[in-house]
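Trainee: Contents are compact mmCIF, C-alpha atoms; file name model-v4.txt:
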```txt
# COMPACT_ATOMS: atom_id res chain seq x y z
CA MET A 1 0.00 0.00 0.00
CA ASP A 2 1.04 3.61 -0.45
CA ALA A 3 1.89 5.79 2.52
CA PRO A 4 -1.17 6.94 4.42
CA GLY A 5 -2.80 10.01 2.91
CA LYS A 6 -4.26 12.89 4.88
CA LYS A 7 -7.82 11.65 4.90
CA LYS A 8 -8.68 8.23 6.24
CA LEU A 9 -11.31 6.19 4.44
CA LYS A 10 -14.54 5.87 6.37
CA VAL A 11 -15.64 2.24 6.70
CA ALA A 12 -19.03 1.03 7.96
CA THR A 13 -19.86 -2.62 8.65
CA THR A 14 -22.96 -4.53 9.68
CA SER A 15 -24.28 -8.04 10.12
CA LEU A 16 -27.77 -8.63 8.70
CA ALA A 17 -29.01 -12.25 8.62
CA GLY A 18 -25.54 -13.47 9.53
CA CYS A 19 -23.91 -14.97 12.60
CA PHE A 20 -21.19 -12.33 13.12
CA GLY A 21 -18.71 -15.03 12.07
CA CYS A 22 -17.43 -12.79 9.26
CA HIS A 23 -16.84 -9.98 11.75
CA MET A 24 -14.98 -12.45 13.99
CA SER A 25 -12.92 -13.44 10.99
CA PHE A 26 -12.26 -9.76 10.30
CA LEU A 27 -10.76 -9.56 13.80
CA ASP A 28 -8.58 -12.52 12.81
CA ILE A 29 -6.39 -10.13 10.84
CA ASP A 30 -5.02 -9.59 14.37
CA GLU A 31 -2.27 -6.98 14.73
CA ARG A 32 -2.74 -5.99 11.09
CA LEU A 33 -5.79 -4.10 12.41
CA PHE A 34 -3.33 -1.44 13.63
CA THR A 35 -1.87 -1.08 10.14
CA LEU A 36 -5.39 -0.93 8.74
CA LEU A 37 -6.30 1.86 11.16
CA ASP A 38 -3.57 4.02 9.59
CA TYR A 39 -5.72 4.02 6.47
CA ILE A 40 -9.31 3.75 7.66
CA GLU A 41 -11.62 4.86 10.45
CA PHE A 42 -14.71 2.95 11.46
CA ASP A 43 -18.13 4.52 11.12
CA ARG A 44 -21.29 2.51 11.94
CA SER A 45 -20.15 -0.97 12.93
CA PRO A 46 -20.62 -3.49 15.75
CA LEU A 47 -17.03 -2.51 16.62
CA THR A 48 -17.98 1.13 17.36
CA ASP A 49 -21.65 0.76 18.28
CA ILE A 50 -22.46 3.82 16.13
CA LYS A 51 -26.10 3.35 15.12
CA GLU A 52 -26.41 5.33 11.87
CA VAL A 53 -24.30 5.29 8.73
CA SER A 54 -22.64 8.64 7.97
CA PRO A 55 -23.60 10.02 4.58
CA ASP A 56 -19.97 10.17 3.42
CA CYS A 57 -18.84 6.60 3.97
CA ASP A 58 -16.30 5.28 1.50
CA LEU A 59 -16.74 1.59 2.12
CA GLY A 60 -19.65 -0.46 3.43
CA ILE A 61 -19.07 -4.09 4.39
CA ILE A 62 -22.22 -6.19 4.68
CA GLU A 63 -22.31 -9.57 6.35
CA GLY A 64 -25.44 -11.73 6.12
CA GLY A 65 -28.40 -11.95 3.79
CA LEU A 66 -31.90 -10.51 4.09
CA CYS A 67 -34.36 -12.38 6.29
CA ASN A 68 -36.54 -9.54 7.58
CA ALA A 69 -37.77 -6.03 6.80
CA GLU A 70 -35.15 -4.37 9.01
CA ASN A 71 -32.34 -6.10 7.08
CA VAL A 72 -33.67 -4.53 3.87
CA HIS A 73 -33.92 -1.10 5.53
CA VAL A 74 -30.34 -1.26 6.85
CA LEU A 75 -28.99 -2.51 3.51
CA ARG A 76 -30.65 0.40 1.67
CA GLU A 77 -29.19 2.85 4.22
CA PHE A 78 -25.73 1.43 3.57
CA ARG A 79 -26.19 1.63 -0.20
CA LYS A 80 -27.36 5.22 0.06
CA ASN A 81 -24.42 6.32 2.21
CA CYS A 82 -21.46 4.22 1.03
CA LYS A 83 -19.56 4.77 -2.18
CA VAL A 84 -18.49 1.13 -2.42
CA LEU A 85 -20.51 -1.75 -1.02
CA VAL A 86 -19.01 -5.18 -0.34
CA ALA A 87 -20.89 -8.44 0.33
CA ILE A 88 -18.80 -10.46 2.76
CA GLY A 89 -19.41 -14.15 3.43
CA ALA A 90 -21.67 -16.88 2.11
CA CYS A 91 -24.91 -15.48 3.58
CA ALA A 92 -24.52 -12.06 1.95
CA VAL A 93 -23.41 -13.68 -1.31
CA ASN A 94 -26.08 -16.38 -1.71
CA GLY A 95 -28.30 -16.35 1.38
CA GLY A 96 -26.23 -19.03 3.09
CA LEU A 97 -27.55 -21.12 5.92
CA PRO A 98 -30.64 -18.95 6.66
CA ALA A 99 -31.71 -19.37 3.01
CA GLN A 100 -32.01 -23.10 3.57
CA ARG A 101 -35.47 -22.34 4.96
CA ASN A 102 -36.55 -21.08 1.55
CA HIS A 103 -38.24 -24.27 0.37
CA LEU A 104 -40.54 -24.22 3.41
CA PRO A 105 -43.56 -21.90 3.75
CA LEU A 106 -42.87 -19.26 6.44
CA SER A 107 -46.13 -20.09 8.23
CA THR A 108 -45.08 -23.73 8.54
CA ILE A 109 -41.76 -22.71 10.08
CA LEU A 110 -43.35 -20.34 12.61
CA GLU A 111 -45.95 -23.00 13.50
CA GLU A 112 -43.26 -25.58 14.08
CA VAL A 113 -40.95 -23.33 16.05
CA TYR A 114 -43.56 -21.70 18.30
CA HIS A 115 -46.46 -24.18 18.42
CA THR A 116 -45.63 -27.78 17.71
CA SER A 117 -42.02 -28.17 18.84
CA PRO A 118 -41.55 -30.03 22.11
CA GLY A 119 -41.05 -27.72 25.10
CA LEU A 120 -42.97 -24.82 23.60
CA ALA A 121 -46.51 -26.00 24.29
CA ASN A 122 -49.08 -23.26 23.71
CA GLY A 123 -46.39 -20.80 22.66
CA LEU A 124 -47.42 -17.71 20.75
CA ILE A 125 -45.89 -16.51 17.51
CA PRO A 126 -44.19 -13.23 18.54
CA ASN A 127 -45.95 -10.21 17.04
CA ASP A 128 -44.56 -7.28 19.03
CA PRO A 129 -44.51 -4.19 16.76
CA GLU A 130 -40.84 -3.72 17.73
CA LEU A 131 -39.95 -6.94 15.93
CA PRO A 132 -39.19 -6.64 12.21
CA LEU A 133 -41.40 -8.85 10.06
CA PRO A 134 -39.69 -11.86 8.51
CA LEU A 135 -39.52 -12.04 4.71
CA ASN A 136 -41.19 -14.93 2.91
CA LYS A 137 -37.78 -16.01 1.60
CA VAL A 138 -34.22 -15.17 2.59
CA HIS A 139 -32.43 -13.27 -0.18
CA PRO A 140 -28.79 -12.56 -1.00
CA ILE A 141 -28.14 -8.81 -0.85
CA HIS A 142 -27.32 -8.39 -4.56
CA GLU A 143 -30.98 -9.18 -5.30
CA VAL A 144 -32.00 -5.89 -3.64
CA VAL A 145 -29.21 -3.33 -4.13
CA LYS A 146 -26.19 -3.02 -6.40
CA ILE A 147 -23.14 -4.67 -4.82
CA ASP A 148 -19.70 -3.59 -6.01
CA TYR A 149 -17.58 -6.45 -4.67
CA PHE A 150 -18.12 -9.93 -3.32
CA LEU A 151 -15.89 -11.72 -0.83
CA PRO A 152 -17.16 -15.31 -0.48
CA GLY A 153 -16.39 -17.74 2.34
CA CYS A 154 -18.02 -19.10 5.49
CA PRO A 155 -16.36 -17.08 6.77
CA PRO A 156 -13.64 -15.75 4.47
CA SER A 157 -10.36 -16.22 6.35
CA GLY A 158 -8.61 -13.32 8.03
CA ASP A 159 -5.95 -13.59 5.33
CA ALA A 160 -8.59 -13.42 2.58
CA ILE A 161 -10.14 -10.33 4.20
CA TRP A 162 -6.70 -8.73 4.55
CA LYS A 163 -5.80 -9.47 0.92
CA PHE A 164 -9.15 -8.13 -0.24
CA LEU A 165 -8.96 -4.90 1.80
CA THR A 166 -5.32 -4.16 0.98
CA ASP A 167 -6.01 -4.69 -2.73
CA LEU A 168 -8.99 -2.35 -2.51
CA LEU A 169 -7.14 0.31 -0.50
CA ALA A 170 -4.26 0.22 -2.97
CA GLY A 171 -6.68 0.80 -5.82
CA ARG A 172 -6.22 -2.68 -7.28
CA GLU A 173 -9.00 -5.01 -8.41
CA PRO A 174 -9.21 -7.46 -5.46
CA GLU A 175 -7.96 -10.92 -6.35
CA LEU A 176 -7.97 -13.82 -3.90
CA GLY A 177 -6.40 -16.69 -5.84
CA HIS A 178 -6.06 -20.35 -4.82
CA GLY A 179 -6.13 -20.98 -1.09
CA LEU A 180 -7.94 -17.75 -0.20
CA MET A 181 -10.90 -18.25 -2.56
CA HIS A 182 -13.40 -20.43 -0.70
CA TYR A 183 -17.17 -20.75 -0.71
CA ASP A 184 -17.08 -22.79 2.50
CA MET B 185 3.92 -37.24 -39.30
CA THR B 186 1.88 -36.29 -36.22
CA GLN B 187 -1.20 -34.23 -36.93
CA THR B 188 -1.68 -31.09 -34.87
CA PHE B 189 -4.15 -28.30 -34.30
CA THR B 190 -3.52 -24.96 -32.62
CA LEU B 191 -4.98 -24.29 -29.17
CA ASP B 192 -4.39 -20.76 -27.87
CA GLY B 193 -1.27 -20.55 -30.00
CA LYS B 194 0.13 -23.92 -28.91
CA ALA B 195 0.42 -26.93 -31.25
CA ILE B 196 -1.57 -29.88 -29.85
CA PRO B 197 -0.97 -33.34 -31.35
CA PHE B 198 -3.96 -35.64 -31.84
CA ALA B 199 -4.87 -39.08 -33.15
CA ASP B 200 -7.69 -39.69 -35.63
CA GLY B 201 -11.06 -39.74 -33.86
CA GLN B 202 -9.90 -37.79 -30.82
CA THR B 203 -12.04 -34.84 -29.73
CA ILE B 204 -10.50 -31.44 -29.03
CA ILE B 205 -10.83 -31.86 -25.27
CA GLN B 206 -9.29 -35.35 -25.34
CA ALA B 207 -6.26 -34.13 -27.24
CA ALA B 208 -5.94 -31.02 -25.07
CA LEU B 209 -6.07 -32.94 -21.79
CA ALA B 210 -3.63 -35.55 -23.11
CA ALA B 211 -1.27 -32.64 -23.84
CA GLY B 212 -1.77 -31.32 -20.28
CA VAL B 213 -3.92 -28.34 -21.30
CA PHE B 214 -7.00 -27.81 -19.14
CA ILE B 215 -10.34 -26.93 -20.71
CA PRO B 216 -13.07 -26.40 -18.05
CA HIS B 217 -15.75 -29.10 -18.16
CA LEU B 218 -18.40 -30.71 -15.97
CA CYS B 219 -20.39 -33.26 -18.00
CA TYR B 220 -17.35 -34.59 -19.86
CA HIS B 221 -15.59 -37.66 -18.42
CA PRO B 222 -12.85 -39.52 -20.29
CA GLU B 223 -14.45 -42.92 -19.68
CA PHE B 224 -17.84 -42.02 -21.15
CA LYS B 225 -19.38 -40.96 -24.41
CA PRO B 226 -19.63 -37.17 -24.47
CA HIS B 227 -22.98 -35.65 -23.55
CA GLY B 228 -22.27 -32.09 -24.73
CA SER B 229 -24.77 -30.55 -22.34
CA CYS B 230 -22.96 -28.39 -19.79
CA LYS B 231 -21.25 -26.25 -22.46
CA LEU B 232 -18.45 -25.33 -20.05
CA CYS B 233 -15.95 -26.79 -22.52
CA THR B 234 -17.08 -24.44 -25.27
CA VAL B 235 -14.19 -23.21 -27.42
CA LYS B 236 -13.97 -21.22 -30.63
CA VAL B 237 -12.95 -23.31 -33.62
CA ASN B 238 -11.95 -21.17 -36.57
CA GLY B 239 -13.99 -18.36 -35.01
CA ARG B 240 -17.15 -20.37 -34.28
CA GLN B 241 -18.24 -21.64 -30.89
CA THR B 242 -18.59 -25.38 -30.33
CA ALA B 243 -18.37 -27.89 -27.47
CA SER B 244 -14.83 -29.25 -27.41
CA CYS B 245 -16.04 -32.57 -25.94
CA THR B 246 -18.07 -33.41 -29.06
CA MET B 247 -15.96 -31.77 -31.78
CA ARG B 248 -13.34 -34.03 -33.37
CA ALA B 249 -9.90 -32.53 -33.75
CA ALA B 250 -8.78 -31.84 -37.31
CA ALA B 251 -5.40 -30.83 -38.65
CA GLY B 252 -4.80 -27.10 -38.78
CA MET B 253 -7.81 -26.10 -36.65
CA GLN B 254 -7.40 -22.75 -34.90
CA VAL B 255 -8.91 -23.22 -31.43
CA GLU B 256 -9.35 -20.51 -28.79
CA SER B 257 -10.14 -21.56 -25.23
CA ASN B 258 -8.49 -19.55 -22.47
CA THR B 259 -9.70 -16.12 -23.59
CA GLU B 260 -11.45 -13.42 -21.60
CA GLU B 261 -14.54 -13.67 -23.79
CA ILE B 262 -14.98 -17.45 -23.52
CA ASN B 263 -14.15 -17.55 -19.81
CA ALA B 264 -16.77 -14.84 -19.15
CA GLU B 265 -19.36 -17.03 -20.87
CA ARG B 266 -18.22 -20.07 -18.90
CA ARG B 267 -18.51 -18.04 -15.70
CA ALA B 268 -22.07 -17.00 -16.60
CA LEU B 269 -23.01 -20.64 -17.29
CA THR B 270 -21.53 -21.65 -13.93
CA GLN B 271 -23.46 -18.88 -12.17
CA MET B 272 -26.66 -20.16 -13.76
CA LEU B 273 -25.92 -23.67 -12.46
CA PHE B 274 -25.44 -22.24 -8.97
CA VAL B 275 -28.72 -20.28 -8.90
CA GLU B 276 -30.81 -23.05 -10.49
CA GLY B 277 -30.05 -25.49 -7.69
CA ASN B 278 -29.38 -25.13 -3.99
CA HIS B 279 -25.60 -25.00 -3.72
CA PHE B 280 -24.72 -24.20 -0.13
CA CYS B 281 -21.04 -25.08 0.01
CA PRO B 282 -20.58 -24.53 3.77
CA SER B 283 -23.05 -27.33 4.53
CA CYS B 284 -22.04 -29.69 1.72
CA GLU B 285 -19.81 -32.64 2.52
CA LYS B 286 -18.45 -32.61 -1.06
CA SER B 287 -16.94 -29.15 -0.55
CA GLY B 288 -13.29 -29.19 -1.57
CA ASP B 289 -13.81 -32.27 -3.75
CA CYS B 290 -16.56 -30.72 -5.88
CA GLN B 291 -15.86 -30.06 -9.55
CA LEU B 292 -18.56 -27.39 -9.80
CA GLN B 293 -17.05 -25.47 -6.89
CA ALA B 294 -13.47 -25.91 -8.14
CA THR B 295 -14.47 -24.84 -11.64
CA ALA B 296 -16.17 -21.74 -10.22
CA TYR B 297 -12.94 -20.92 -8.35
CA HIS B 298 -10.98 -21.45 -11.56
CA LEU B 299 -13.26 -19.05 -13.42
CA GLY B 300 -13.05 -16.45 -10.65
CA MET B 301 -16.76 -16.59 -9.84
CA MET B 302 -17.14 -14.15 -6.92
CA SER B 303 -20.94 -14.08 -6.83
CA PRO B 304 -23.97 -15.90 -8.25
CA HIS B 305 -24.89 -12.66 -10.09
CA PHE B 306 -28.39 -13.88 -11.01
CA ASP B 307 -31.45 -14.20 -8.76
CA HIS B 308 -31.66 -17.53 -6.98
CA PHE B 309 -34.44 -20.01 -7.80
CA PHE B 310 -34.27 -21.70 -4.37
CA PRO B 311 -36.11 -24.76 -5.77
CA ASN B 312 -37.73 -27.34 -3.53
CA ARG B 313 -35.90 -30.62 -4.08
CA PRO B 314 -36.41 -33.14 -1.27
CA VAL B 315 -33.51 -35.52 -0.61
CA ASP B 316 -33.80 -39.31 -0.90
CA ALA B 317 -32.24 -40.88 2.19
CA SER B 318 -34.05 -44.21 1.72
CA HIS B 319 -30.98 -46.27 0.85
CA PRO B 320 -29.03 -47.62 3.84
CA GLU B 321 -25.62 -46.82 2.33
CA LEU B 322 -26.25 -43.91 -0.03
CA LEU B 323 -27.78 -40.46 0.12
CA LEU B 324 -29.24 -38.63 -2.87
CA ASP B 325 -29.27 -34.86 -2.46
CA PHE B 326 -30.99 -33.55 -5.58
CA ASN B 327 -30.44 -29.94 -4.48
CA ARG B 328 -26.97 -30.07 -6.00
CA CYS B 329 -27.73 -31.86 -9.28
CA ILE B 330 -26.37 -30.10 -12.38
CA LEU B 331 -27.85 -32.62 -14.84
CA CYS B 332 -24.45 -33.71 -16.19
CA SER B 333 -25.94 -37.21 -16.67
CA LEU B 334 -22.69 -38.94 -15.67
CA CYS B 335 -24.56 -41.22 -13.22
CA VAL B 336 -27.09 -41.99 -15.96
CA ARG B 337 -24.34 -42.94 -18.39
CA ALA B 338 -22.33 -44.89 -15.78
CA SER B 339 -25.32 -46.89 -14.59
CA ARG B 340 -26.47 -47.67 -18.13
CA ASP B 341 -23.16 -48.20 -19.92
CA VAL B 342 -20.90 -49.63 -17.20
CA ASP B 343 -23.11 -51.09 -14.46
CA GLY B 344 -25.82 -52.26 -16.88
CA LYS B 345 -28.52 -51.26 -14.40
CA ASN B 346 -30.23 -48.08 -15.61
CA VAL B 347 -30.73 -46.81 -12.07
CA PHE B 348 -30.83 -43.12 -13.07
CA ALA B 349 -32.45 -41.06 -15.82
CA LEU B 350 -33.09 -37.44 -16.66
CA SER B 351 -36.81 -36.68 -16.85
CA GLY B 352 -38.78 -33.62 -17.97
CA ARG B 353 -37.73 -30.96 -20.43
CA GLY B 354 -36.05 -27.55 -20.38
CA ILE B 355 -35.98 -25.89 -16.98
CA LYS B 356 -38.07 -28.77 -15.61
CA THR B 357 -35.41 -31.39 -16.38
CA HIS B 358 -34.54 -33.36 -13.26
CA LEU B 359 -32.82 -36.53 -12.14
CA ILE B 360 -35.06 -39.48 -11.35
CA VAL B 361 -34.52 -42.96 -9.91
CA ASN B 362 -35.71 -45.96 -11.89
CA ALA B 363 -37.93 -47.69 -9.36
CA LYS B 364 -41.72 -47.88 -9.11
CA SER B 365 -41.52 -46.05 -5.77
CA GLY B 366 -38.98 -43.58 -7.13
CA ARG B 367 -36.76 -44.36 -4.14
CA LEU B 368 -33.12 -45.37 -4.36
CA ALA B 369 -33.65 -48.11 -1.75
CA ASP B 370 -35.87 -49.94 -4.24
CA THR B 371 -33.18 -50.21 -6.94
CA ASP B 372 -30.34 -52.70 -7.25
CA ILE B 373 -27.65 -50.01 -6.99
CA ALA B 374 -24.55 -51.19 -5.10
CA LEU B 375 -21.68 -49.35 -3.44
CA GLY B 376 -19.16 -50.66 -5.98
CA ASP B 377 -21.15 -49.32 -8.95
CA LYS B 378 -19.53 -46.84 -11.29
CA ALA B 379 -22.63 -44.64 -10.95
CA VAL B 380 -21.77 -44.13 -7.28
CA GLN B 381 -18.26 -42.87 -8.11
CA VAL B 382 -18.81 -40.38 -10.93
CA CYS B 383 -20.95 -37.59 -9.48
CA PRO B 384 -18.90 -34.37 -9.95
CA VAL B 385 -20.97 -32.58 -7.28
CA GLY B 386 -22.55 -33.63 -3.99
CA VAL B 387 -25.65 -35.51 -5.15
CA ILE B 388 -24.68 -39.19 -4.81
CA LEU B 389 -22.97 -39.54 -1.44
CA ARG B 390 -21.82 -42.54 0.58
CA LYS B 391 -23.28 -42.28 4.04
CA ARG B 392 -21.01 -42.04 7.10
CA THR B 393 -17.87 -41.21 5.11
CA GLY B 394 -18.48 -37.54 4.32
CA PHE B 395 -15.77 -36.12 6.53
CA ALA B 396 -13.22 -38.97 6.45
CA VAL B 397 -10.96 -36.42 4.74
CA PRO B 398 -11.23 -33.12 6.61
CA ILE B 399 -12.07 -29.80 4.94
CA GLY B 400 -8.80 -28.13 3.99
CA GLU B 401 -7.07 -31.38 2.98
CA ARG B 402 -9.23 -32.22 -0.01
CA THR B 403 -8.49 -32.56 -3.73
CA TYR B 404 -8.88 -28.94 -4.72
CA ASP B 405 -7.49 -27.57 -1.46
CA LYS B 406 -4.13 -28.99 -2.53
CA ALA B 407 -4.12 -27.66 -6.09
CA PRO B 408 -6.58 -25.81 -8.31
CA ILE B 409 -8.66 -27.91 -10.71
CA ALA B 410 -6.67 -26.82 -13.76
CA GLU B 411 -3.49 -28.34 -12.33
CA THR B 412 -5.22 -31.40 -10.87
CA VAL B 413 -6.93 -32.31 -14.12
CA ALA B 414 -4.01 -31.49 -16.39
CA GLN B 415 -1.78 -33.80 -14.31
CA GLU B 416 -4.27 -36.65 -14.41
CA GLY B 417 -5.23 -36.14 -18.05
CA THR B 418 -8.93 -36.29 -17.17
```
Using the file provided, produce a representation of the structure as structure tokens.
Mentor:
Amino acid sequence: MDAPGKKKLKVATTSLAGCFGCHMSFLDIDERLFTLLDYIEFDRSPLTDIKEVSPDCDLGIIEGGLCNAENVHVLREFRKNCKVLVAIGACAVNGGLPAQRNHLPLSTILEEVYHTSPGLANGLIPNDPELPLPLNKVHPIHEVVKIDYFLPGCPPSGDAIWKFLTDLLAGREPELGHGLMHYD
Amino acid sequence: MTQTFTLDGKAIPFADGQTIIQAALAAGVFIPHLCYHPEFKPHGSCKLCTVKVNGRQTASCTMRAAAGMQVESNTEEINAERRALTQMLFVEGNHFCPSCEKSGDCQLQATAYHLGMMSPHFDHFFPNRPVDASHPELLLDFNRCILCSLCVRASRDVDGKNVFALSGRGIKTHLIVNAKSGRLADTDIALGDKAVQVCPVGVILRKRTGFAVPIGERTYDKAPIAETVAQEGT
């Protein structure tokens, strides 16, 4: 990478219908985080607990697919406020594990989870207005907004994330190559 | 004198009757493919092995080599088309690599890596394809079927059993099991059958052996598919 410029790039991250595994993997770049912080500053992210995306974000990193209305809202906020949007991990790329509910009707799933499963006798399907409504199907994020880059993996390794980010920060087209390119 | 054709600027020798892909692989040059297998008659359906012969596109698994042919394979244009075909295969089925025990040994996955497929690009179909776990030794997970027909050809031509067939047409084409019940348990398939060995993806799986080789130590973890196949000549 070139020497740090005056202005640091503003990076926002979020986990939608994901497990935070990709964020954990991001932390697996370990002490390289310090090098990274010479070039970037974090905006909205689970790492900062900032709740809204600043309107001048350079990079948005999205983990997880879309399983409810709030996921769609957050994704659109990121798209609106980030110059470059990256889908990180299998769930953001193709729906991943949550999308494996897609061949079942949503009503059947809710019935089974809250009514007929053992241990939940007479349970009620939660309908608090605070809770975002689930979508009929789980969708990968590129089906809703334009995504500029994809970083597959479940999760992508710390090394893959580092290679991807350093390529991007250096103005190169990110290229993972054998060993870092994984869908699993 | 040996006959040759030109593949991406390189002279490839061939014998009479050899197809382009046979001659290329024998010369250690990889052409991406999924439904082609050296031990079976070509099917010509996946189109991953498409090349340009004298400027026109054709499947290299069905086209016989001829002296002086000018063949283009590893070009940006053709690889972009191969990548689009691979993306279509991914969205038509349910290919969830993290939960597939074939991951790392899967030709579809390894081919997608080779082609630099970073996303599925298209909208997913998320089809409903129930698995067949009826057989005591084998699992059929139709979610991952790419209709290469290798199991159909192996069962018919090598095992002499006709356990599998492709049924339906167009987008409705699907793999079926030749039994009145439609269940694998009601066929005479056996573990030693060729049909059990040839699946390039994770449809036909031996039960209780899925993770005998751990993730990270599998075929395409060690080397990319282009090197693996070029070394083996398959």
Trainee: Find, counting only C-alpha atoms, the residue in B:Ile205, B:Ala317, B:Cys335, B:Val382 that gets nearest to Leu350 of chain B.
Mentor: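 That would be B:Cys335, the residue with the smallest distance to Leu350 of chain B.
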Trainee: I'd like the contact shell of segment 386-390 of chain B - 9 Å cut-off, only C-alpha atoms, skipping same-chain residues fewer than 6 positions apart - returned as a list in words.
Mentor: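 Surrounding residues, per the criterion: Cys284, Glu285, Lys286, Ser287, Asp289, Cys290, Glu321, Leu322, Leu323, Leu324, Asp325, Phe326, Asn327, Arg328, Cys329, Cys335, Leu375, Ala379 and Val380 of chain B.
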Trainee: Around (-8.3, -8.1, -0.1) in the file's own coordinates, what residues are found within 12 Å if you use all atoms listed in the file, given back as a VMD selection string?
Mentor: chain A and resid 1 26 29 36 86 88 149 to 152 156 to 177 180 to 181
Trainee: Mind listing as a VMD selection string which residues of chain A are within 10 Å of chain B, counting all atoms listed in the file?
Mentor: chain A and resid 87 90 to 97 99 to 104 137 to 140 142 to 144 147 149 to 155 175 to 184
Trainee: With only C-alpha atoms as the atoms that count, which of A:Asp38, A:Glu111, A:Glu63, A:Glu77 lies nearest to Ile141 of chain A?
Mentor: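 Of A:Asp38, A:Glu111, A:Glu63, A:Glu77, the one nearest Ile141 of chain A is A:Glu63, counting only C-alpha atoms.
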Trainee: Using Å and a single decimal, report how far atom CA of Gly65 of chain A sits from atom CA of Pro105 of chain A.
Mentor: 18.1 Å
Trainee: Do you have the atom CA of Tyr39 of chain A-atom CA of Leu9 of chain A distance handy?
Mentor: 6.3 Å
Trainee: Restricting the calculation to only C-alpha atoms: of A:Glu31, A:Asn81, A:Pro129, A:Cys67, which residue gets closest to Thr13 of chain A?
Mentor: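 Of A:Glu31, A:Asn81, A:Pro129, A:Cys67, the one nearest Thr13 of chain A, counting only C-alpha atoms, is A:Asn81.
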Trainee: One number please: atom CA of Ala211 of chain B to atom CA of Asp341 of chain B, in Å, one decimal.
Mentor: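 Atom CA of Ala211 of chain B sits 27.1 Å away from atom CA of Asp341 of chain B.
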Trainee: Name all residues at most 10 Å from Leu133 of chain A (count all atoms listed in the file; drop same-chain ones fewer than 6 positions away) and give them as a PDB file with C-alpha atoms, in the coordinates of the input.
Mentor:
```
ATOM      1  CA  CYS A  67     -34.360 -12.380   6.290  1.00  0.00           C
ATOM      2  CA  ASN A  68     -36.540  -9.540   7.580  1.00  0.00           C
ATOM      3  CA  ALA A  69     -37.770  -6.030   6.800  1.00  0.00           C
ATOM      4  CA  GLU A  70     -35.150  -4.370   9.010  1.00  0.00           C
ATOM      5  CA  ASN A  71     -32.340  -6.100   7.080  1.00  0.00           C
ATOM      6  CA  PRO A 126     -44.190 -13.230  18.540  1.00  0.00           C
ATOM      7  CA  ASN A 127     -45.950 -10.210  17.040  1.00  0.00           C
TER       8      ASN A 127
END
```
Trainee: Neighbouring residues of Pro216 of chain B were defined as those with any atom within 8 Å, considering all atoms listed in the file; residues of the same chain fewer than 4 positions away were excluded. Please report them as a list in words.
Mentor: Leu232, Cys233, Thr295 and Ala410 of chain B
Trainee: With distances taken over only C-alpha atoms, which residue among B:Val315, B:Ile355, B:Val237, B:Ile330 lies nearest Gln271 of chain B?
Mentor: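 Of all the options, B:Ile330 lies closest to Gln271 of chain B.
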Trainee: Taking all atoms listed in the file into account, which of A:Thr14, A:Lys80, A:Gly64, A:Met24 comes nearest Thr48 of chain A?
Mentor: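 With all atoms listed in the file as the atom set, the closest residue is A:Thr14.
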Trainee: Could you check which of B:Met253, B:Ala349, B:Ala210, B:Leu368 is closest to Leu334 of chain B, using only C-alpha atoms?
Mentor: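 Selected residue with least distance to Leu334 of chain B: B:Ala349.
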Trainee: Write out as a tab-separated table the residues of segment 70-173 of chain A that have any atom within 6 Å of an atom of segment 55-60 of chain A, one row each with the nearest atom pair and its distance in Å to one decimal, counting all atoms listed in the file, sorted by chain and then rising number.
Mentor:
```
residue	atom	partner	partner_atom	distance
A:Asn81	CA	A:Pro55	CA	4.5
A:Cys82	CA	A:Cys57	CA	4.6
A:Lys83	CA	A:Asp58	CA	4.9
A:Val84	CA	A:Leu59	CA	4.9
A:Leu85	CA	A:Gly60	CA	4.7
```
